[in-house]
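Scroll down for the structure; my scribbles are underneath it.
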Amino acid sequence: MSVIRDAEPWAPTAVSPGVCNKGGSKQACYDTDEKVVVDLQQLLDGLRKTSVPQQFGEANTAMKDAIALDIRALTDRDTAIAQDNSDLFGRAVAEVLAAKSQFNRGYAKFPSYDQPIPRPFGLVGYSG
């Protein structure tokens, strides 16, 4: 899945705190966000064109809401980076965390017998 691949730089490693975390690179954070926004938009566009069985309706709606919120959060974060606006950056971080919560709520709405695997939604970009 391209979202997971393109989001890898967000994750801390032995040699990096994660590009958007304290000690990371603003440019790398921006670039990663840009790639992931494109991936998320493609995913959202695909979900909007897809009909789903009734038992997945609430989950589908919740996941589309989460994706849209995450796109807005990452776009706001990139605007904050470009404008060197710490207030907007702080709001964008709150939006990123809200998107992560919405992804978790959406995942929980899938029937227990048919939840998506792997559960990729913990990869929403975080900046600390």
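So you can find residues: chains in the structure tokens are A, B, ... in the order shown, residues in each start at 1, and ligands are numbered from 1 in order.
Near A:Asp39, within 12 Å and counting only C-alpha atoms, sit Met1, Ser2, Val3, Ile4, Arg5, Asp6, Ala7, Thr32, Asp33, Asp45, Gly46, Ile67, Ala68, Asp70, Ile71 and Leu74 of chain A; same-chain residues fewer than 6 positions away were not included.
Among the candidates A:Pro116, A:Gly18, A:Gly106, A:Gly90, the residue lying nearest to A:Ala62 is A:Gly106 (atoms considered: only C-alpha atoms).
Nearest-residue note for A:Lys109: choosing from A:Val38, A:Cys20, A:Leu44, A:Met63, the minimum distance belongs to A:Met63, counting only C-alpha atoms.
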Exercise. Near A:Phe89, counting only C-alpha atoms, which residues have an atom at most 8 Å away, once you skip same-chain residues fewer than 6 positions from it, shown as a PyMOL selection string?
Worked result: chain A and resi 76-77+80-81
